[in-house]
Amino acid sequence: MTKFIFVTGGVVSSLGKGLTSASVGMLLEQRGLRVKMQKLDPYINVDPGTMSPYQHGEVYVLDDGSETDLDLGHYERFTNSPLTRDSNYTTGQIYLSVIEKERKGEFLGKTVQVIPHITNEIKRVIQKLASDDTDVVITEIGGTVGDIESQPFLEAIRQFSLDVGKENCLYMHLTLVPYLKAAGELKTKPTQHSVGQLREIGIQPDILVCRTEKTISREDREKIGLFCNVPIDAVIEEKDKDFSIYEVPLSLVHNQLDELIIRKLRLEAESLDLDRWHDLMHRLRNPEHEIAIAVVGKYAEHRDAYKSIYEAIDHAGIHHRAQIRIASIQSEQVESEGPERTLAGYDGILVPGGFGERGIEGKVEAIRFARERNIPYFGICLGMQCAAIEYARNVVGLTSAHSSEFDRNSEHHVICLLDEQQNVTDMGGTMRLGAQPAVLDKESNAFRCYGDTEIQERHRHRYEFNNQYRQQFAAHGMMFGGLSPDGGLVEIIEIPEHAWFVAVQFHPEFKSKPTCAHPLFAGFVGAAIQRRQLKSERVQEELDHAKQIDS
C-alpha cells in the first residue's frame, strides 16, 4: 500500500518546507523507492499564474501547462517524481471543484460545509497520487500552523490517517529553534507552542525537523522531545547552510532522517547511494574557474522571482567546475546609470522573463551592450523579445521598433500578440503554456548545445516574434536557430558572428538539475568561462610584454 508523508511548518514562514520535502523525496528515491510529490497551498487564487512575483516569487510551469508554486521547482531539481497538475492544489481549486459539484447537484440537496465536503475534496486530491507504482506520496502543506487559511488542510490530513490507517501515514513538522544573541542560547519554546497547536488540531507529529543557526545540544533535543511528545531520535537538527542548499540532503542523512522514515513506515528499501550527490558537492567546493554573470531583470531585488534562473546558472557552474558570482541588476538602474557603469566587468549577461513595460529600455540597453562588446548573452522569454527589439533598432534600422505589448503606436511591431491570443479575455491560465516542440537549425549554437534537432521546452507567454520581419532580420545576420515544427513560430534567435548570443522564447531554467545542467545554460556559462580565460591571457601577455620592455 502507498505510504503518505505530510510536511507541515510552524513558528514562521519561509523555513524551507519545500526544500526539506524535496530532500526527503530524493533520499527515498536513492533508497530505491518510488516517490510522488505534492504541494497544497492555502491561498484562494486558483493558481499563482496571476500573482505578482513580489507576492509569490516565480511561477513554475510544468510540462502539462500547469502554473504552480515555486516549491515544485525544488521537487523537480531534487527528485525524479513525475509532476502534473495533480501535484499542486490551492484553496481556490478545492473550493471551485466543490462549488461546481454543488451546481451539478452532486450533493443531493445537502448543506455544503467545510467538514466534510471541503476536507473530503482535499483528501481526494491527496489520494489521487496513490497507485500501484508509487511507494510514498509526500504532501507539503503550505503556510504555517495557526494560519486560518491552513485549517481545512490540516483537518483533512488529520482525518486522512483514519481513512488509510495510522501505520500508513507519517507527520513531519518543520519548526524553528531560534538563537537569542543577547541570552546566548537557543530557545525551544516557539517549537513547543507550534507543536501544541498541531496537537490541539489532533495531529501528533512523528518527526520534528528543527531549523536552527546553532547546533542543538542533546539537552535541548531531550527538552523538545519531552514537551512535544516525540522520541529524541525523531528530533532532527537542520542547521542553516551557508554554502549551498544542496548540502541539505547530506545533513538530513547525517541525522539519519531517511532511516527513521523507513523504520516508522515499515518500508522495504535499498542501501543509500549518494555518489552523484557527493560528486556534485566536490565540484562545488573545488572550482577550477571563477566568473561573474549579470542577471538584468525587473524584479532583481526579489530573489525568488528568478529562483529557477539562479539555480540553473549554479547547475551550469557545477557542470563546468566554476564558481559563479551572480549579480542581480535592476533593469531600471541600467536605464538611469547606463550599461557602461552597471555592466562593466561581467563575463556574461542574462536577461530573464517578465511582464509589463517597466524597465524594458534598460533590458534593451543591456542587450546592446552585450552585443556590441561581444559579451556572451542569454535571453529568456522577454529577454528574447527585447533582443529582437534591440536588433531591429540598431542593426536592421527600424528605429521605432517595439513590442505591441508596450507600444501600440509603434510603426514596427517586431514582437506581437500570438494569433491564438487575439480573443482571450481571461488572464488566468490562458497563455501559451507547457511543453512545446521545436526544431533546431544544425548550424546553430542551440543545436551544438542540445546535440539534437528536436527538443521539447516549457513556455509561458502571449507574445511572439512577428514573422513579417523574418526576412529583414535574416538579411542583417540574424539566425533563427529554432522554429516550431510547422515553421510558424520563432523559438530561438542567434547571432552567428557573436561569441555566444542565444535568446529563446521558452523557459529552459525549468528543466535544469544540479546533477544535469540544462544544455543552454551550460553553453552560456562555458562561453563566459572562455571569455574570462581569453581576457586573462591578454592581460598576461601585456604584463609579459611590459616586463620585456623594462628589461
# chains A, B, ... in the order shown; residues from 1 in each chain; ligands from 1

call {"tool": "residues_around", "arguments": {"residues": "region 315-331 of chain A", "least_positions_apart": "3", "cutoff": "6 Å", "atoms": "only C-alpha atoms", "output": "list of chain:residue names"}}
result
A:Arg283, A:Leu284, A:Pro287, A:Glu288, A:His289, A:Glu290, A:Ile291, A:Ala292, A:Ile293, A:Ala294, A:Val295, A:Val296, A:Gly297, A:Lys298, A:Ala300, A:Ala312, A:Val334, A:Gly359, A:Gly362, A:Lys363, A:Pro514, A:Ala517, A:Phe521, A:Ala522

call {"tool": "write_last_selection", "arguments": {"atoms": "C-alpha atoms", "output": "short mmCIF file (atom, residue, chain, number, x, y, z; two decimals), in the first residue's frame"}}
result
data_model
loop_
_atom_site.label_atom_id
_atom_site.label_comp_id
_atom_site.auth_asym_id
_atom_site.auth_seq_id
_atom_site.Cartn_x
_atom_site.Cartn_y
_atom_site.Cartn_z
CA ARG A 283 32.63 20.11 -7.73
CA LEU A 284 31.02 22.95 -5.79
CA PRO A 287 36.04 25.06 -8.58
CA GLU A 288 38.59 25.39 -11.38
CA HIS A 289 37.20 28.65 -12.78
CA GLU A 290 35.66 31.84 -11.45
CA ILE A 291 33.35 34.09 -13.45
CA ALA A 292 30.75 36.82 -12.94
CA ILE A 293 27.30 36.80 -14.53
CA ALA A 294 24.89 39.76 -14.55
CA VAL A 295 21.16 38.96 -14.45
CA VAL A 296 19.37 42.10 -15.63
CA GLY A 297 15.74 41.86 -14.55
CA LYS A 298 12.68 43.80 -13.46
CA ALA A 300 16.17 41.88 -9.27
CA ALA A 312 20.17 26.79 -13.45
CA VAL A 334 20.69 50.31 -16.36
CA GLY A 359 12.43 48.55 -17.13
CA GLY A 362 17.13 49.06 -19.52
CA LYS A 363 16.95 45.48 -20.78
CA PRO A 514 22.10 20.08 -10.16
CA ALA A 517 22.75 21.16 -16.11
CA PHE A 521 22.86 27.23 -19.52
CA ALA A 522 25.94 25.01 -19.81
#

call {"tool": "residues_around", "arguments": {"residues": "Ala130 (chain A)", "least_positions_apart": "6", "cutoff": "8 Å", "atoms": "only C-alpha atoms", "output": "number ranges by chain"}}
result
A: 2, 136-137

call {"tool": "write_last_selection", "arguments": {"atoms": "C-alpha atoms", "output": "short mmCIF file (atom, residue, chain, number, x, y, z; two decimals), in the first residue's frame"}}
result
data_model
loop_
_atom_site.label_atom_id
_atom_site.label_comp_id
_atom_site.auth_asym_id
_atom_site.auth_seq_id
_atom_site.Cartn_x
_atom_site.Cartn_y
_atom_site.Cartn_z
CA THR A 2 1.17 3.54 -0.76
CA VAL A 136 5.44 7.07 -0.98
CA VAL A 137 3.45 10.27 -1.52
#

call {"tool": "residues_around", "arguments": {"residues": "Asn466 (chain A)", "least_positions_apart": "6", "cutoff": "6 Å", "atoms": "only C-alpha atoms", "output": "PDB file with N, CA, C and O atoms, in the first residue's frame"}}
result
ATOM      1  N   VAL A 414       7.876  44.374 -34.012  1.00  0.00           N
ATOM      2  CA  VAL A 414       8.648  43.158 -34.299  1.00  0.00           C
ATOM      3  C   VAL A 414       8.252  42.029 -33.347  1.00  0.00           C
ATOM      4  O   VAL A 414       8.547  40.864 -33.607  1.00  0.00           O
ATOM      5  N   ILE A 415       7.608  42.381 -32.242  1.00  0.00           N
ATOM      6  CA  ILE A 415       7.013  41.403 -31.326  1.00  0.00           C
ATOM      7  C   ILE A 415       5.518  41.703 -31.262  1.00  0.00           C
ATOM      8  O   ILE A 415       5.112  42.855 -31.042  1.00  0.00           O
ATOM      9  N   CYS A 416       4.709  40.687 -31.461  1.00  0.00           N
ATOM     10  CA  CYS A 416       3.260  40.914 -31.490  1.00  0.00           C
ATOM     11  C   CYS A 416       2.520  39.782 -30.795  1.00  0.00           C
ATOM     12  O   CYS A 416       3.096  38.734 -30.483  1.00  0.00           O
TER      13      CYS A 416
END

call {"tool": "closest_residue", "arguments": {"among": "A:Arg470, A:Phe378, A:Asp347, A:Cys228", "to": "Ser536 (chain A)", "atoms": "only C-alpha atoms"}}
result
A:Asp347

call {"tool": "residues_around", "arguments": {"residues": "Lys3 (chain A)", "least_positions_apart": "3", "cutoff": "9 Å", "atoms": "only C-alpha atoms", "output": "ChimeraX atom specification"}}
result
/A:130,134-138,164,167-170,265,267

call {"tool": "select_by_dssp", "arguments": {"residues": "region 310-422 of chain A", "states": "strand (DSSP E or B)", "output": "number ranges by chain"}}
result
A: 322-330, 348-351, 377-380, 402-403, 413-417

call {"tool": "write_last_selection", "arguments": {"atoms": "N, CA, C and O atoms", "output": "mmCIF file, in the first residue's frame"}}
result
data_model
loop_
_atom_site.group_PDB
_atom_site.id
_atom_site.type_symbol
_atom_site.label_atom_id
_atom_site.label_comp_id
_atom_site.auth_asym_id
_atom_site.auth_seq_id
_atom_site.Cartn_x
_atom_site.Cartn_y
_atom_site.Cartn_z
ATOM 1 N N ALA A 322 32.903 25.597 -12.029
ATOM 2 C CA ALA A 322 33.119 27.039 -11.970
ATOM 3 C C ALA A 322 32.374 27.649 -10.794
ATOM 4 O O ALA A 322 31.222 27.293 -10.525
ATOM 5 N N GLN A 323 33.048 28.551 -10.102
ATOM 6 C CA GLN A 323 32.379 29.354 -9.080
ATOM 7 C C GLN A 323 31.825 30.593 -9.770
ATOM 8 O O GLN A 323 32.569 31.350 -10.399
ATOM 9 N N ILE A 324 30.516 30.791 -9.655
ATOM 10 C CA ILE A 324 29.869 31.882 -10.383
ATOM 11 C C ILE A 324 29.349 32.927 -9.401
ATOM 12 O O ILE A 324 28.569 32.610 -8.501
ATOM 13 N N ARG A 325 29.794 34.141 -9.600
ATOM 14 C CA ARG A 325 29.259 35.266 -8.828
ATOM 15 C C ARG A 325 28.119 35.867 -9.638
ATOM 16 O O ARG A 325 28.336 36.430 -10.695
ATOM 17 N N ILE A 326 26.911 35.729 -9.121
ATOM 18 C CA ILE A 326 25.731 36.233 -9.829
ATOM 19 C C ILE A 326 25.350 37.587 -9.251
ATOM 20 O O ILE A 326 25.137 37.726 -8.047
ATOM 21 N N ALA A 327 25.255 38.578 -10.115
ATOM 22 C CA ALA A 327 24.831 39.918 -9.701
ATOM 23 C C ALA A 327 23.431 40.186 -10.244
ATOM 24 O O ALA A 327 23.195 40.082 -11.442
ATOM 25 N N SER A 328 22.499 40.481 -9.338
ATOM 26 C CA SER A 328 21.135 40.820 -9.739
ATOM 27 C C SER A 328 21.067 42.332 -9.949
ATOM 28 O O SER A 328 21.236 43.099 -9.005
ATOM 29 N N ILE A 329 20.798 42.739 -11.167
ATOM 30 C CA ILE A 329 20.824 44.156 -11.514
ATOM 31 C C ILE A 329 19.460 44.601 -12.017
ATOM 32 O O ILE A 329 18.889 43.991 -12.929
ATOM 33 N N GLN A 330 18.944 45.648 -11.404
ATOM 34 C CA GLN A 330 17.660 46.205 -11.824
ATOM 35 C C GLN A 330 17.786 46.802 -13.216
ATOM 36 O O GLN A 330 18.680 47.608 -13.478
ATOM 37 N N GLY A 348 29.330 37.458 -18.589
ATOM 38 C CA GLY A 348 28.128 37.074 -19.308
ATOM 39 C C GLY A 348 26.951 37.883 -18.807
ATOM 40 O O GLY A 348 26.941 38.326 -17.655
ATOM 41 N N ILE A 349 25.978 38.106 -19.691
ATOM 42 C CA ILE A 349 24.778 38.870 -19.331
ATOM 43 C C ILE A 349 23.555 38.053 -19.693
ATOM 44 O O ILE A 349 23.444 37.536 -20.812
ATOM 45 N N LEU A 350 22.640 37.924 -18.736
ATOM 46 C CA LEU A 350 21.393 37.188 -18.947
ATOM 47 C C LEU A 350 20.212 38.114 -18.663
ATOM 48 O O LEU A 350 20.190 38.790 -17.632
ATOM 49 N N VAL A 351 19.256 38.150 -19.581
ATOM 50 C CA VAL A 351 18.017 38.900 -19.370
ATOM 51 C C VAL A 351 16.866 37.902 -19.306
ATOM 52 O O VAL A 351 16.592 37.212 -20.288
ATOM 53 N N TYR A 377 25.731 36.424 -24.295
ATOM 54 C CA TYR A 377 24.393 36.879 -23.907
ATOM 55 C C TYR A 377 23.411 35.723 -24.000
ATOM 56 O O TYR A 377 23.430 34.934 -24.952
ATOM 57 N N PHE A 378 22.530 35.646 -22.996
ATOM 58 C CA PHE A 378 21.470 34.631 -22.967
ATOM 59 C C PHE A 378 20.161 35.341 -22.632
ATOM 60 O O PHE A 378 20.034 35.952 -21.563
ATOM 61 N N GLY A 379 19.204 35.295 -23.547
ATOM 62 C CA GLY A 379 17.893 35.904 -23.328
ATOM 63 C C GLY A 379 16.824 34.848 -23.174
ATOM 64 O O GLY A 379 16.798 33.862 -23.927
ATOM 65 N N ILE A 380 15.942 35.039 -22.206
ATOM 66 C CA ILE A 380 14.885 34.062 -21.923
ATOM 67 C C ILE A 380 13.531 34.755 -21.949
ATOM 68 O O ILE A 380 13.307 35.728 -21.221
ATOM 69 N N HIS A 402 9.321 48.045 -31.624
ATOM 70 C CA HIS A 402 8.907 47.748 -30.256
ATOM 71 C C HIS A 402 7.992 46.532 -30.264
ATOM 72 O O HIS A 402 7.761 45.910 -31.301
ATOM 73 N N SER A 403 7.495 46.199 -29.087
ATOM 74 C CA SER A 403 6.501 45.138 -28.937
ATOM 75 C C SER A 403 5.128 45.776 -28.822
ATOM 76 O O SER A 403 4.977 46.823 -28.182
ATOM 77 N N HIS A 413 6.056 46.681 -35.108
ATOM 78 C CA HIS A 413 5.862 45.725 -34.017
ATOM 79 C C HIS A 413 6.596 44.432 -34.366
ATOM 80 O O HIS A 413 6.018 43.502 -34.931
ATOM 81 N N VAL A 414 7.876 44.374 -34.012
ATOM 82 C CA VAL A 414 8.648 43.158 -34.299
ATOM 83 C C VAL A 414 8.252 42.029 -33.347
ATOM 84 O O VAL A 414 8.547 40.864 -33.607
ATOM 85 N N ILE A 415 7.608 42.381 -32.242
ATOM 86 C CA ILE A 415 7.013 41.403 -31.326
ATOM 87 C C ILE A 415 5.518 41.703 -31.262
ATOM 88 O O ILE A 415 5.112 42.855 -31.042
ATOM 89 N N CYS A 416 4.709 40.687 -31.461
ATOM 90 C CA CYS A 416 3.260 40.914 -31.490
ATOM 91 C C CYS A 416 2.520 39.782 -30.795
ATOM 92 O O CYS A 416 3.096 38.734 -30.483
ATOM 93 N N LEU A 417 1.241 39.987 -30.562
ATOM 94 C CA LEU A 417 0.403 39.002 -29.873
ATOM 95 C C LEU A 417 0.246 37.752 -30.742
ATOM 96 O O LEU A 417 0.054 37.840 -31.959
#

call {"tool": "closest_residue", "arguments": {"among": "A:Ala234, A:Arg285, A:Gln93, A:Arg34", "to": "Leu252 (chain A)", "atoms": "only C-alpha atoms"}}
result
A:Ala234

call {"tool": "closest_residue", "arguments": {"among": "A:Ile455, A:Val35, A:Ala499, A:Val253", "to": "Tyr75 (chain A)", "atoms": "only C-alpha atoms"}}
result
A:Val35

call {"tool": "residues_around", "arguments": {"residues": "Arg303 (chain A)", "least_positions_apart": "4", "cutoff": "9 Å", "atoms": "only C-alpha atoms", "output": "ChimeraX atom specification"}}
result
/A:57,299,307,310,328

call {"tool": "residues_around", "arguments": {"residues": "Phe153 (chain A)", "least_positions_apart": "2", "cutoff": "9 Å", "atoms": "only C-alpha atoms", "output": "list in words"}}
result
Leu40, Asp41, Pro42, Thr91, Ile118, Thr119, Ile122, Lys123, Ile141, Glu149, Ser150, Gln151, Glu155, Ala156, Ile157 and Arg158 of chain A

call {"tool": "atom_distance", "arguments": {"atom1": "CA of Lys264 (chain A)", "atom2": "CA of Lys166 (chain A)"}}
result
10.5 Å

call {"tool": "select_by_dssp", "arguments": {"residues": "region 66-167 of chain A", "states": "alpha helix (DSSP H)", "output": "JSON list (two decimals) with N, CA, C and O atoms, in the first residue's frame"}}
result
[["chain", "number", "residue", "atom", "x", "y", "z"],
["A", 71, "ASP", "N", 7.89, 25.91, -5.14],
["A", 71, "ASP", "CA", 8.43, 24.73, -4.45],
["A", 71, "ASP", "C", 8.47, 23.51, -5.37],
["A", 71, "ASP", "O", 9.27, 22.60, -5.15],
["A", 72, "LEU", "N", 7.60, 23.49, -6.39],
["A", 72, "LEU", "CA", 7.65, 22.36, -7.32],
["A", 72, "LEU", "C", 8.94, 22.35, -8.11],
["A", 72, "LEU", "O", 9.37, 21.31, -8.62],
["A", 73, "GLY", "N", 9.58, 23.52, -8.21],
["A", 73, "GLY", "CA", 10.91, 23.57, -8.80],
["A", 73, "GLY", "C", 11.91, 22.78, -7.98],
["A", 73, "GLY", "O", 12.76, 22.05, -8.53],
["A", 74, "HIS", "N", 11.83, 22.92, -6.64],
["A", 74, "HIS", "CA", 12.70, 22.11, -5.77],
["A", 74, "HIS", "C", 12.42, 20.62, -6.00],
["A", 74, "HIS", "O", 13.36, 19.81, -6.08],
["A", 75, "TYR", "N", 11.14, 20.26, -6.10],
["A", 75, "TYR", "CA", 10.80, 18.85, -6.28],
["A", 75, "TYR", "C", 11.45, 18.29, -7.54],
["A", 75, "TYR", "O", 12.02, 17.19, -7.54],
["A", 76, "GLU", "N", 11.37, 19.05, -8.65],
["A", 76, "GLU", "CA", 11.92, 18.55, -9.91],
["A", 76, "GLU", "C", 13.44, 18.57, -9.92],
["A", 76, "GLU", "O", 14.07, 17.71, -10.54],
["A", 77, "ARG", "N", 14.05, 19.54, -9.26],
["A", 77, "ARG", "CA", 15.50, 19.61, -9.26],
["A", 77, "ARG", "C", 16.12, 18.49, -8.41],
["A", 77, "ARG", "O", 17.21, 18.01, -8.70],
["A", 78, "PHE", "N", 15.42, 18.09, -7.34],
["A", 78, "PHE", "CA", 15.98, 17.10, -6.42],
["A", 78, "PHE", "C", 15.54, 15.68, -6.73],
["A", 78, "PHE", "O", 16.26, 14.73, -6.42],
["A", 91, "THR", "N", -6.44, 26.43, -2.21],
["A", 91, "THR", "CA", -7.79, 26.58, -1.65],
["A", 91, "THR", "C", -8.77, 26.95, -2.75],
["A", 91, "THR", "O", -9.90, 26.44, -2.79],
["A", 92, "GLY", "N", -8.34, 27.84, -3.66],
["A", 92, "GLY", "CA", -9.22, 28.24, -4.76],
["A", 92, "GLY", "C", -9.66, 27.06, -5.60],
["A", 92, "GLY", "O", -10.85, 26.94, -5.95],
["A", 93, "GLN", "N", -8.74, 26.17, -5.95],
["A", 93, "GLN", "CA", -9.09, 24.99, -6.75],
["A", 93, "GLN", "C", -10.02, 24.06, -6.00],
["A", 93, "GLN", "O", -10.97, 23.50, -6.57],
["A", 94, "ILE", "N", -9.73, 23.87, -4.71],
["A", 94, "ILE", "CA", -10.56, 22.96, -3.90],
["A", 94, "ILE", "C", -11.99, 23.48, -3.82],
["A", 94, "ILE", "O", -12.96, 22.74, -4.07],
["A", 95, "TYR", "N", -12.15, 24.75, -3.47],
["A", 95, "TYR", "CA", -13.49, 25.32, -3.35],
["A", 95, "TYR", "C", -14.20, 25.37, -4.70],
["A", 95, "TYR", "O", -15.41, 25.12, -4.79],
["A", 96, "LEU", "N", -13.45, 25.69, -5.76],
["A", 96, "LEU", "CA", -14.05, 25.74, -7.09],
["A", 96, "LEU", "C", -14.61, 24.38, -7.49],
["A", 96, "LEU", "O", -15.72, 24.27, -8.01],
["A", 97, "SER", "N", -13.84, 23.33, -7.20],
["A", 97, "SER", "CA", -14.30, 21.98, -7.52],
["A", 97, "SER", "C", -15.56, 21.62, -6.74],
["A", 97, "SER", "O", -16.52, 21.05, -7.30],
["A", 98, "VAL", "N", -15.59, 21.96, -5.44],
["A", 98, "VAL", "CA", -16.76, 21.65, -4.60],
["A", 98, "VAL", "C", -17.98, 22.45, -5.09],
["A", 98, "VAL", "O", -19.10, 21.91, -5.16],
["A", 99, "ILE", "N", -17.79, 23.70, -5.41],
["A", 99, "ILE", "CA", -18.91, 24.53, -5.87],
["A", 99, "ILE", "C", -19.46, 24.01, -7.20],
["A", 99, "ILE", "O", -20.68, 23.98, -7.41],
["A", 100, "GLU", "N", -18.56, 23.59, -8.10],
["A", 100, "GLU", "CA", -19.03, 23.04, -9.38],
["A", 100, "GLU", "C", -19.85, 21.77, -9.15],
["A", 100, "GLU", "O", -20.87, 21.55, -9.82],
["A", 101, "LYS", "N", -19.44, 20.95, -8.20],
["A", 101, "LYS", "CA", -20.21, 19.74, -7.88],
["A", 101, "LYS", "C", -21.56, 20.11, -7.30],
["A", 101, "LYS", "O", -22.58, 19.47, -7.61],
["A", 102, "GLU", "N", -21.58, 21.14, -6.46],
["A", 102, "GLU", "CA", -22.85, 21.57, -5.87],
["A", 102, "GLU", "C", -23.80, 22.06, -6.94],
["A", 102, "GLU", "O", -25.00, 21.76, -6.92],
["A", 103, "ARG", "N", -23.26, 22.82, -7.92],
["A", 103, "ARG", "CA", -24.10, 23.35, -9.01],
["A", 103, "ARG", "C", -24.68, 22.22, -9.86],
["A", 103, "ARG", "O", -25.77, 22.36, -10.43],
["A", 119, "THR", "N", -13.05, 19.12, 3.22],
["A", 119, "THR", "CA", -11.99, 18.19, 3.67],
["A", 119, "THR", "C", -12.00, 16.90, 2.84],
["A", 119, "THR", "O", -10.95, 16.33, 2.57],
["A", 120, "ASN", "N", -13.17, 16.45, 2.44],
["A", 120, "ASN", "CA", -13.24, 15.26, 1.57],
["A", 120, "ASN", "C", -12.55, 15.52, 0.23],
["A", 120, "ASN", "O", -11.88, 14.65, -0.33],
["A", 121, "GLU", "N", -12.76, 16.73, -0.30],
["A", 121, "GLU", "CA", -12.13, 17.08, -1.58],
["A", 121, "GLU", "C", -10.61, 17.13, -1.44],
["A", 121, "GLU", "O", -9.88, 16.68, -2.32],
["A", 122, "ILE", "N", -10.13, 17.66, -0.33],
["A", 122, "ILE", "CA", -8.69, 17.69, -0.08],
["A", 122, "ILE", "C", -8.14, 16.27, 0.01],
["A", 122, "ILE", "O", -7.09, 15.95, -0.58],
["A", 123, "LYS", "N", -8.83, 15.42, 0.73],
["A", 123, "LYS", "CA", -8.38, 14.02, 0.85],
["A", 123, "LYS", "C", -8.39, 13.33, -0.51],
["A", 123, "LYS", "O", -7.52, 12.50, -0.81],
["A", 124, "ARG", "N", -9.38, 13.68, -1.32],
["A", 124, "ARG", "CA", -9.48, 13.06, -2.65],
["A", 124, "ARG", "C", -8.26, 13.39, -3.51],
["A", 124, "ARG", "O", -7.70, 12.51, -4.18],
["A", 125, "VAL", "N", -7.82, 14.66, -3.49],
["A", 125, "VAL", "CA", -6.69, 15.05, -4.35],
["A", 125, "VAL", "C", -5.37, 14.47, -3.83],
["A", 125, "VAL", "O", -4.44, 14.26, -4.61],
["A", 126, "ILE", "N", -5.29, 14.21, -2.53],
["A", 126, "ILE", "CA", -4.10, 13.53, -1.99],
["A", 126, "ILE", "C", -4.10, 12.07, -2.44],
["A", 126, "ILE", "O", -3.10, 11.54, -2.92],
["A", 127, "GLN", "N", -5.25, 11.44, -2.31],
["A", 127, "GLN", "CA", -5.38, 10.02, -2.64],
["A", 127, "GLN", "C", -5.17, 9.76, -4.13],
["A", 127, "GLN", "O", -4.76, 8.65, -4.53],
["A", 151, "GLN", "N", -6.30, 25.79, 8.04],
["A", 151, "GLN", "CA", -7.05, 24.88, 8.92],
["A", 151, "GLN", "C", -7.77, 23.75, 8.19],
["A", 151, "GLN", "O", -7.71, 22.60, 8.64],
["A", 152, "PRO", "N", -8.43, 24.01, 7.05],
["A", 152, "PRO", "CA", -9.09, 22.88, 6.36],
["A", 152, "PRO", "C", -8.10, 21.81, 5.91],
["A", 152, "PRO", "O", -8.42, 20.61, 5.95],
["A", 153, "PHE", "N", -6.91, 22.22, 5.48],
["A", 153, "PHE", "CA", -5.90, 21.26, 5.04],
["A", 153, "PHE", "C", -5.39, 20.42, 6.20],
["A", 153, "PHE", "O", -5.20, 19.21, 6.08],
["A", 154, "LEU", "N", -5.16, 21.07, 7.33],
["A", 154, "LEU", "CA", -4.69, 20.33, 8.50],
["A", 154, "LEU", "C", -5.76, 19.37, 9.01],
["A", 154, "LEU", "O", -5.46, 18.24, 9.41],
["A", 155, "GLU", "N", -7.00, 19.81, 8.99],
["A", 155, "GLU", "CA", -8.10, 18.92, 9.39],
["A", 155, "GLU", "C", -8.20, 17.74, 8.45],
["A", 155, "GLU", "O", -8.42, 16.60, 8.88],
["A", 156, "ALA", "N", -8.00, 17.98, 7.15],
["A", 156, "ALA", "CA", -8.09, 16.90, 6.16],
["A", 156, "ALA", "C", -6.99, 15.86, 6.38],
["A", 156, "ALA", "O", -7.26, 14.65, 6.32],
["A", 157, "ILE", "N", -5.75, 16.32, 6.65],
["A", 157, "ILE", "CA", -4.68, 15.33, 6.83],
["A", 157, "ILE", "C", -4.81, 14.63, 8.18],
["A", 157, "ILE", "O", -4.32, 13.50, 8.35],
["A", 158, "ARG", "N", -5.48, 15.27, 9.15],
["A", 158, "ARG", "CA", -5.79, 14.57, 10.40],
["A", 158, "ARG", "C", -6.73, 13.41, 10.12],
["A", 158, "ARG", "O", -6.52, 12.28, 10.58],
["A", 159, "GLN", "N", -7.78, 13.69, 9.35],
["A", 159, "GLN", "CA", -8.76, 12.66, 9.02],
["A", 159, "GLN", "C", -8.14, 11.56, 8.15],
["A", 159, "GLN", "O", -8.56, 10.40, 8.21],
["A", 160, "PHE", "N", -7.16, 11.94, 7.34],
["A", 160, "PHE", "CA", -6.60, 11.01, 6.35],
["A", 160, "PHE", "C", -6.05, 9.75, 7.00],
["A", 160, "PHE", "O", -6.22, 8.64, 6.48],
["A", 161, "SER", "N", -5.40, 9.92, 8.15],
["A", 161, "SER", "CA", -4.83, 8.73, 8.81],
["A", 161, "SER", "C", -5.92, 7.78, 9.29],
["A", 161, "SER", "O", -5.69, 6.57, 9.40],
["A", 162, "LEU", "N", -7.12, 8.31, 9.59],
["A", 162, "LEU", "CA", -8.24, 7.44, 9.97],
["A", 162, "LEU", "C", -8.73, 6.63, 8.77],
["A", 162, "LEU", "O", -9.19, 5.50, 8.93],
["A", 163, "ASP", "N", -8.60, 7.22, 7.57],
["A", 163, "ASP", "CA", -9.07, 6.54, 6.35],
["A", 163, "ASP", "C", -8.12, 5.43, 5.90],
["A", 163, "ASP", "O", -8.56, 4.36, 5.47],
["A", 164, "VAL", "N", -6.80, 5.70, 5.98],
["A", 164, "VAL", "CA", -5.84, 4.74, 5.43],
["A", 164, "VAL", "C", -5.07, 3.98, 6.50],
["A", 164, "VAL", "O", -4.32, 3.06, 6.19]]

call {"tool": "decode", "arguments": {"residues": "region 135-142 of chain A", "atoms": "N, CA, C and O atoms", "output": "PDB file, in the first residue's frame"}}
result
ATOM      1  N   ASP A 135       5.351   4.152  -4.053  1.00  0.00           N
ATOM      2  CA  ASP A 135       5.594   3.676  -2.694  1.00  0.00           C
ATOM      3  C   ASP A 135       5.253   4.736  -1.658  1.00  0.00           C
ATOM      4  O   ASP A 135       4.694   4.429  -0.605  1.00  0.00           O
ATOM      5  N   VAL A 136       5.623   5.996  -1.953  1.00  0.00           N
ATOM      6  CA  VAL A 136       5.439   7.070  -0.979  1.00  0.00           C
ATOM      7  C   VAL A 136       4.933   8.331  -1.678  1.00  0.00           C
ATOM      8  O   VAL A 136       5.462   8.724  -2.723  1.00  0.00           O
ATOM      9  N   VAL A 137       3.914   8.952  -1.101  1.00  0.00           N
ATOM     10  CA  VAL A 137       3.454  10.273  -1.520  1.00  0.00           C
ATOM     11  C   VAL A 137       3.859  11.267  -0.442  1.00  0.00           C
ATOM     12  O   VAL A 137       3.535  11.084   0.736  1.00  0.00           O
ATOM     13  N   ILE A 138       4.580  12.306  -0.831  1.00  0.00           N
ATOM     14  CA  ILE A 138       4.971  13.366   0.105  1.00  0.00           C
ATOM     15  C   ILE A 138       4.145  14.596  -0.200  1.00  0.00           C
ATOM     16  O   ILE A 138       4.216  15.143  -1.303  1.00  0.00           O
ATOM     17  N   THR A 139       3.325  15.022   0.759  1.00  0.00           N
ATOM     18  CA  THR A 139       2.451  16.182   0.588  1.00  0.00           C
ATOM     19  C   THR A 139       2.864  17.285   1.541  1.00  0.00           C
ATOM     20  O   THR A 139       2.841  17.112   2.758  1.00  0.00           O
ATOM     21  N   GLU A 140       3.255  18.407   0.972  1.00  0.00           N
ATOM     22  CA  GLU A 140       3.636  19.581   1.761  1.00  0.00           C
ATOM     23  C   GLU A 140       2.425  20.498   1.916  1.00  0.00           C
ATOM     24  O   GLU A 140       1.744  20.811   0.935  1.00  0.00           O
ATOM     25  N   ILE A 141       2.157  20.917   3.141  1.00  0.00           N
ATOM     26  CA  ILE A 141       1.060  21.843   3.421  1.00  0.00           C
ATOM     27  C   ILE A 141       1.636  23.257   3.509  1.00  0.00           C
ATOM     28  O   ILE A 141       2.458  23.545   4.368  1.00  0.00           O
ATOM     29  N   GLY A 142       1.209  24.134   2.608  1.00  0.00           N
ATOM     30  CA  GLY A 142       1.715  25.492   2.605  1.00  0.00           C
ATOM     31  C   GLY A 142       1.265  26.279   3.829  1.00  0.00           C
ATOM     32  O   GLY A 142       0.339  25.896   4.537  1.00  0.00           O
TER      33      GLY A 142
END
